[in-house]
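S.K.: Here you go, one structure.
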Amino acid sequence: MAEEAAAKRTKTEMELGEGSEPDAAEAAQVEGESPGGVEITVKIDSKALQCRICSEPLKPPIFKCGAGHVLCCQCPEKLREVGDVLRLGTFCALCCKSTRYSRCVELEWFIDAMKVPCLNQSYGCNEFVSYQQKEKHESSCAHAPCYCPEDDCAFKAPACCLLDHLVTAHGWSPTNLGYNKPLKIPLARDCRFTLLVGEDMSLFLLTNTLTSIGSALAVVCVRPHESEPSYSCNISAAHGVADGKSEGRLVFQKNPHVSSSSLEGGVQLGNFFLLVPPELAESSSGELTVHIRIDRVAP
Ligand SMILES: [Zn+2]
Ligand SMILES: [Zn+2]
Ligand SMILES: [Zn+2]
Ligand SMILES: [Zn+2]
């Protein structure tokens, strides 16, 4: 291992010039090593990686005209169709003359070798991902932020930090939730949000939206993307027969798939909610007693 490290060091020194001491700026540029050689960090104008015609990001296959204008894989075909109509043959809209298109393998190679930081770098994702895989990574990056549901609060952060924020900044008291067993929650009439923290630290938000015909209760899993594991949920609310006169009443709802939301754009009442009529509330306090059970669904 030591010999290997020494060999790598020698290679770096040779590249920097024999006998020269790498200065701090140059040393800072050397980020790591890939199988092909030393990796360096660069910044680049994003326009350099866009199709010269449609401005879409260039991804292989990439084409170039005879004069070197680089185009995405869609544009040469579109230009050919226009050229057919105008009887110009194959032409380049930038050169304004007929041309031949060929693959721009130089840029394809460059793009294949390129890694970029994840969009969620400021939220703790330190991954450098292949330029072509950037969107795919970000669509499932666990560091993507979730949003504070309180009115007029712009806080956003990964789910674990959101939990801290809700407790410290808004004084929320999360309730621990064990899966596959019912939990009884007393719900004040004007309590809009109840935060439940699962055994695996997943966050669930029980939302209570007051409507003219009752309270709409819904559960959402607060996480940046729809991902594994999945959860199902049962919610029920009942009014007892404490006075011995009235019949007990129960409303019940089973949601086979609790939807996930980063809460970007606020809390949305989805398709699954339980409408609890006002009669089910405690007459003096207006409090509802809700039973909730969340199960982990086997993948
Ligand atoms: Zn294009
Ligand atoms: Zn051209
Ligand atoms: Zn990421
Ligand atoms: Zn907040």
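Letters for chains follow the order of the structure tokens (A, B, ...), residue numbers begin at 1 for each chain, and ligand numbers begin at 1 in the order shown.
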Which residues are close to segment 77-92 of chain A, i.e. within 10 Å by only C-alpha atoms, leaving aside same-chain residues fewer than 4 positions away? Reply as a PyMOL selection string.
M.R.: chain A and resi 53+64-67+69+71-73+96-101
S.K.: Can I get the residues close to ligand 3 as a PyMOL selection string, where close means within 9 Å and we count only C-alpha atoms and all ligand atoms?
M.R.: chain A and resi 117-121+123-129+134+137-144
S.K.: Based on the selection just made, write N, CA and C atoms of those residues as a short mmCIF file (atom, residue, chain, number, x, y, z; two decimals), in the first residue's frame.
M.R.:
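Output below, filename result30.cif:
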```
data_model
loop_
_atom_site.label_atom_id
_atom_site.label_comp_id
_atom_site.auth_asym_id
_atom_site.auth_seq_id
_atom_site.Cartn_x
_atom_site.Cartn_y
_atom_site.Cartn_z
N PRO A 117 -21.21 18.06 -8.58
CA PRO A 117 -21.77 17.91 -7.23
C PRO A 117 -23.29 17.81 -7.28
N CYS A 118 -23.83 17.11 -6.30
CA CYS A 118 -25.29 16.99 -6.18
C CYS A 118 -25.87 18.36 -5.82
N LEU A 119 -27.05 18.60 -6.31
CA LEU A 119 -27.77 19.86 -6.02
C LEU A 119 -27.95 20.07 -4.52
N ASN A 120 -27.94 18.97 -3.76
CA ASN A 120 -28.20 19.05 -2.32
C ASN A 120 -26.92 19.13 -1.49
N GLN A 121 -25.85 19.64 -2.12
CA GLN A 121 -24.57 19.76 -1.42
C GLN A 121 -24.74 20.57 -0.13
N TYR A 123 -27.17 20.72 1.74
CA TYR A 123 -27.93 19.96 2.75
C TYR A 123 -27.18 18.71 3.19
N GLY A 124 -25.90 18.63 2.84
CA GLY A 124 -25.09 17.55 3.39
C GLY A 124 -24.77 16.42 2.42
N CYS A 125 -25.20 16.52 1.15
CA CYS A 125 -24.83 15.45 0.21
C CYS A 125 -23.47 15.80 -0.40
N ASN A 126 -22.48 14.97 -0.13
CA ASN A 126 -21.14 15.26 -0.62
C ASN A 126 -20.81 14.46 -1.87
N GLU A 127 -21.82 13.88 -2.48
CA GLU A 127 -21.55 13.03 -3.65
C GLU A 127 -21.26 13.85 -4.89
N PHE A 128 -20.25 13.39 -5.63
CA PHE A 128 -20.04 13.87 -6.98
C PHE A 128 -20.56 12.76 -7.88
N VAL A 129 -21.52 13.10 -8.71
CA VAL A 129 -22.14 12.06 -9.53
C VAL A 129 -21.86 12.32 -10.99
N LYS A 134 -26.85 12.79 -12.94
CA LYS A 134 -27.15 13.82 -11.93
C LYS A 134 -28.66 13.86 -11.59
N HIS A 137 -29.78 10.73 -9.69
CA HIS A 137 -29.34 10.77 -8.28
C HIS A 137 -30.21 11.72 -7.47
N GLU A 138 -30.41 12.93 -8.02
CA GLU A 138 -31.14 13.94 -7.25
C GLU A 138 -32.60 13.56 -7.03
N SER A 139 -33.15 12.75 -7.94
CA SER A 139 -34.55 12.36 -7.78
C SER A 139 -34.72 11.36 -6.63
N SER A 140 -33.61 10.82 -6.14
CA SER A 140 -33.73 9.91 -4.99
C SER A 140 -32.74 10.26 -3.88
N CYS A 141 -32.13 11.43 -3.95
CA CYS A 141 -31.11 11.81 -2.95
C CYS A 141 -31.76 11.98 -1.58
N ALA A 142 -31.22 11.27 -0.60
CA ALA A 142 -31.80 11.29 0.75
C ALA A 142 -31.57 12.62 1.45
N HIS A 143 -30.66 13.46 0.91
CA HIS A 143 -30.39 14.74 1.55
C HIS A 143 -31.30 15.86 1.03
N ALA A 144 -32.17 15.54 0.08
CA ALA A 144 -33.06 16.58 -0.45
C ALA A 144 -33.92 17.13 0.69
#
```
S.K.: Which residue out of A:Cys75, A:Cys161, A:Leu205, A:Ile44 has the minimum interatomic distance to Pro149 of chain A when only C-alpha atoms are used?
M.R.: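 Comparing A:Cys75, A:Cys161, A:Leu205, A:Ile44 against Pro149 of chain A, the winner is A:Leu205.
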S.K.: Select from segment 93-257 of chain A everything DSSP, run on the backbone, classes as alpha helix (DSSP H), then give the selection as a list in words.
M.R.: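 Those residues are Val105, Glu106, Leu107, Glu108, Trp109, Phe110, Ile111, Asp112, Ala113, Lys134, Glu135, Lys136, His137, Glu138, Ala159, Cys160, Cys161, Leu162, Leu163, Asp164, His165, Leu166, Val167, Thr168, Ala169 and His170 of chain A.
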S.K.: Just to be explicit: take each residue in the selection above, keep C-alpha atoms, and write the result as a PDB file, in the first residue's frame.
M.R.:
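Resulting contents of out.pdb:
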```
ATOM      1  CA  VAL A 105     -16.815  11.787 -29.810  1.00  0.00           C
ATOM      2  CA  GLU A 106     -14.384  14.243 -28.181  1.00  0.00           C
ATOM      3  CA  LEU A 107     -17.198  15.940 -26.252  1.00  0.00           C
ATOM      4  CA  GLU A 108     -18.920  12.610 -25.551  1.00  0.00           C
ATOM      5  CA  TRP A 109     -15.724  11.384 -23.940  1.00  0.00           C
ATOM      6  CA  PHE A 110     -15.442  14.591 -21.928  1.00  0.00           C
ATOM      7  CA  ILE A 111     -19.039  14.334 -20.701  1.00  0.00           C
ATOM      8  CA  ASP A 112     -18.591  10.650 -19.835  1.00  0.00           C
ATOM      9  CA  ALA A 113     -15.611  11.589 -17.637  1.00  0.00           C
ATOM     10  CA  LYS A 134     -27.150  13.818 -11.934  1.00  0.00           C
ATOM     11  CA  GLU A 135     -30.940  14.031 -12.348  1.00  0.00           C
ATOM     12  CA  LYS A 136     -31.395  10.360 -11.470  1.00  0.00           C
ATOM     13  CA  HIS A 137     -29.342  10.765  -8.284  1.00  0.00           C
ATOM     14  CA  GLU A 138     -31.135  13.945  -7.245  1.00  0.00           C
ATOM     15  CA  ALA A 159     -36.091  15.371   7.413  1.00  0.00           C
ATOM     16  CA  CYS A 160     -33.974  14.787  10.563  1.00  0.00           C
ATOM     17  CA  CYS A 161     -33.129  18.514  10.801  1.00  0.00           C
ATOM     18  CA  LEU A 162     -36.768  19.420  10.157  1.00  0.00           C
ATOM     19  CA  LEU A 163     -37.700  17.375  13.222  1.00  0.00           C
ATOM     20  CA  ASP A 164     -35.249  19.418  15.348  1.00  0.00           C
ATOM     21  CA  HIS A 165     -36.584  22.631  13.864  1.00  0.00           C
ATOM     22  CA  LEU A 166     -40.231  21.787  14.599  1.00  0.00           C
ATOM     23  CA  VAL A 167     -39.368  21.020  18.202  1.00  0.00           C
ATOM     24  CA  THR A 168     -37.024  23.940  18.892  1.00  0.00           C
ATOM     25  CA  ALA A 169     -38.498  26.687  16.711  1.00  0.00           C
ATOM     26  CA  HIS A 170     -42.211  25.868  16.945  1.00  0.00           C
TER      27      HIS A 170
END
```
S.K.: Tell me, in Å to one decimal, how far atom CA of Glu56 of chain A is from atom CA of Ser122 of chain A.
M.R.: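 About the pair atom CA of Glu56 of chain A and atom CA of Ser122 of chain A: they are 25.6 Å apart.
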S.K.: Based on DSSP run over this structure's backbone, return all residues of segment 40-271 of chain A in strand (DSSP E), as a ChimeraX atom specification.
M.R.: /A:40,63-64,70-71,91-92,97-98,102-103,115-117,128-130,146-147,156-157,175-177,183-187,193-198,203-211,214-222,230-239,249-255,260-261
S.K.: Please produce a file of those selected residues containing C-alpha atoms, as a CSV table (one decimal), in the first residue's frame.
M.R.:
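Saved result, again38.csv, follows:
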```csv
chain,number,residue,atom,x,y,z
A,40,ILE,CA,-9.4,17.9,-10.8
A,63,PHE,CA,-23.3,15.6,-33.2
A,64,LYS,CA,-21.3,18.4,-34.8
A,70,VAL,CA,-22.3,20.9,-31.4
A,71,LEU,CA,-25.9,19.7,-31.4
A,91,PHE,CA,-27.8,22.2,-43.4
A,92,CYS,CA,-26.6,23.9,-40.2
A,97,LYS,CA,-25.2,26.5,-45.3
A,98,SER,CA,-25.3,22.8,-46.2
A,102,SER,CA,-20.8,13.5,-37.6
A,103,ARG,CA,-20.6,12.2,-34.0
A,115,LYS,CA,-18.7,14.4,-12.4
A,116,VAL,CA,-20.7,17.2,-10.8
A,117,PRO,CA,-21.8,17.9,-7.2
A,128,PHE,CA,-20.0,13.9,-7.0
A,129,VAL,CA,-22.1,12.1,-9.5
A,130,SER,CA,-21.7,11.4,-13.2
A,146,CYS,CA,-38.3,18.8,3.4
A,147,TYR,CA,-40.2,22.0,4.2
A,156,LYS,CA,-36.2,23.6,4.7
A,157,ALA,CA,-33.7,20.9,5.5
A,175,THR,CA,-45.3,11.4,19.5
A,176,ASN,CA,-43.3,8.1,19.1
A,177,LEU,CA,-45.1,5.6,17.0
A,183,LEU,CA,-52.0,4.6,19.0
A,184,LYS,CA,-54.6,6.7,20.7
A,185,ILE,CA,-54.2,10.4,20.0
A,186,PRO,CA,-56.3,13.1,21.7
A,187,LEU,CA,-56.7,15.8,19.1
A,193,PHE,CA,-50.6,19.2,12.8
A,194,THR,CA,-49.5,16.2,14.9
A,195,LEU,CA,-46.1,14.8,14.3
A,196,LEU,CA,-45.5,11.1,14.7
A,197,VAL,CA,-42.0,9.6,14.7
A,198,GLY,CA,-41.7,6.0,13.6
A,203,LEU,CA,-41.7,11.3,10.1
A,204,PHE,CA,-45.5,11.2,9.7
A,205,LEU,CA,-47.7,14.2,9.8
A,206,LEU,CA,-51.3,13.8,10.9
A,207,THR,CA,-53.1,16.8,9.5
A,208,ASN,CA,-56.4,18.0,10.7
A,209,THR,CA,-58.2,20.3,8.3
A,210,LEU,CA,-61.4,21.9,9.5
A,211,THR,CA,-64.1,22.0,6.9
A,214,GLY,CA,-66.2,18.2,9.9
A,215,SER,CA,-62.5,17.6,10.3
A,216,ALA,CA,-60.6,16.0,7.5
A,217,LEU,CA,-57.8,13.9,8.9
A,218,ALA,CA,-54.9,12.6,6.7
A,219,VAL,CA,-51.5,11.1,7.2
A,220,VAL,CA,-48.5,11.9,5.1
A,221,CYS,CA,-44.9,10.5,5.3
A,222,VAL,CA,-42.6,13.5,5.4
A,230,SER,CA,-43.9,1.8,2.2
A,231,TYR,CA,-46.5,2.3,4.8
A,232,SER,CA,-50.2,1.6,5.2
A,233,CYS,CA,-52.4,3.4,7.6
A,234,ASN,CA,-55.7,3.0,9.5
A,235,ILE,CA,-57.4,6.0,11.2
A,236,SER,CA,-60.6,5.8,13.2
A,237,ALA,CA,-62.5,8.2,15.4
A,238,ALA,CA,-65.3,7.2,17.7
A,239,HIS,CA,-67.7,8.8,20.0
A,249,ARG,CA,-70.5,6.1,16.3
A,250,LEU,CA,-67.3,5.3,14.4
A,251,VAL,CA,-65.7,6.5,11.3
A,252,PHE,CA,-62.8,4.5,9.8
A,253,GLN,CA,-60.5,4.7,6.9
A,254,LYS,CA,-57.8,2.5,5.6
A,255,ASN,CA,-55.1,3.9,3.4
A,260,SER,CA,-44.8,10.8,0.8
A,261,SER,CA,-44.3,14.5,0.6
```
S.K.: Please report the interatomic distance between atom CA of Val297 of chain A and atom CA of His225 of chain A in Å with one decimal.
M.R.: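 Computing the Euclidean distance for atom CA of Val297 of chain A and atom CA of His225 of chain A yields 16.7 Å.
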S.K.: Taking a cut-off of 6 Å and counting only C-alpha atoms and all ligand atoms, can you build a table that, for each residue of chain A near ligand 4, reports the nearest atom pair and how far apart they are in Å (one decimal), sorted by chain then residue number, as JSON lines?
M.R.:
```
{"residue": "A:Cys148", "atom": "CA", "partner": "ligand 4", "partner_atom_place_in_ligand_line": "1 (Zn)", "distance": 4.6}
{"residue": "A:Glu150", "atom": "CA", "partner": "ligand 4", "partner_atom_place_in_ligand_line": "1 (Zn)", "distance": 5.5}
{"residue": "A:Cys153", "atom": "CA", "partner": "ligand 4", "partner_atom_place_in_ligand_line": "1 (Zn)", "distance": 4.6}
{"residue": "A:Phe155", "atom": "CA", "partner": "ligand 4", "partner_atom_place_in_ligand_line": "1 (Zn)", "distance": 5.2}
```
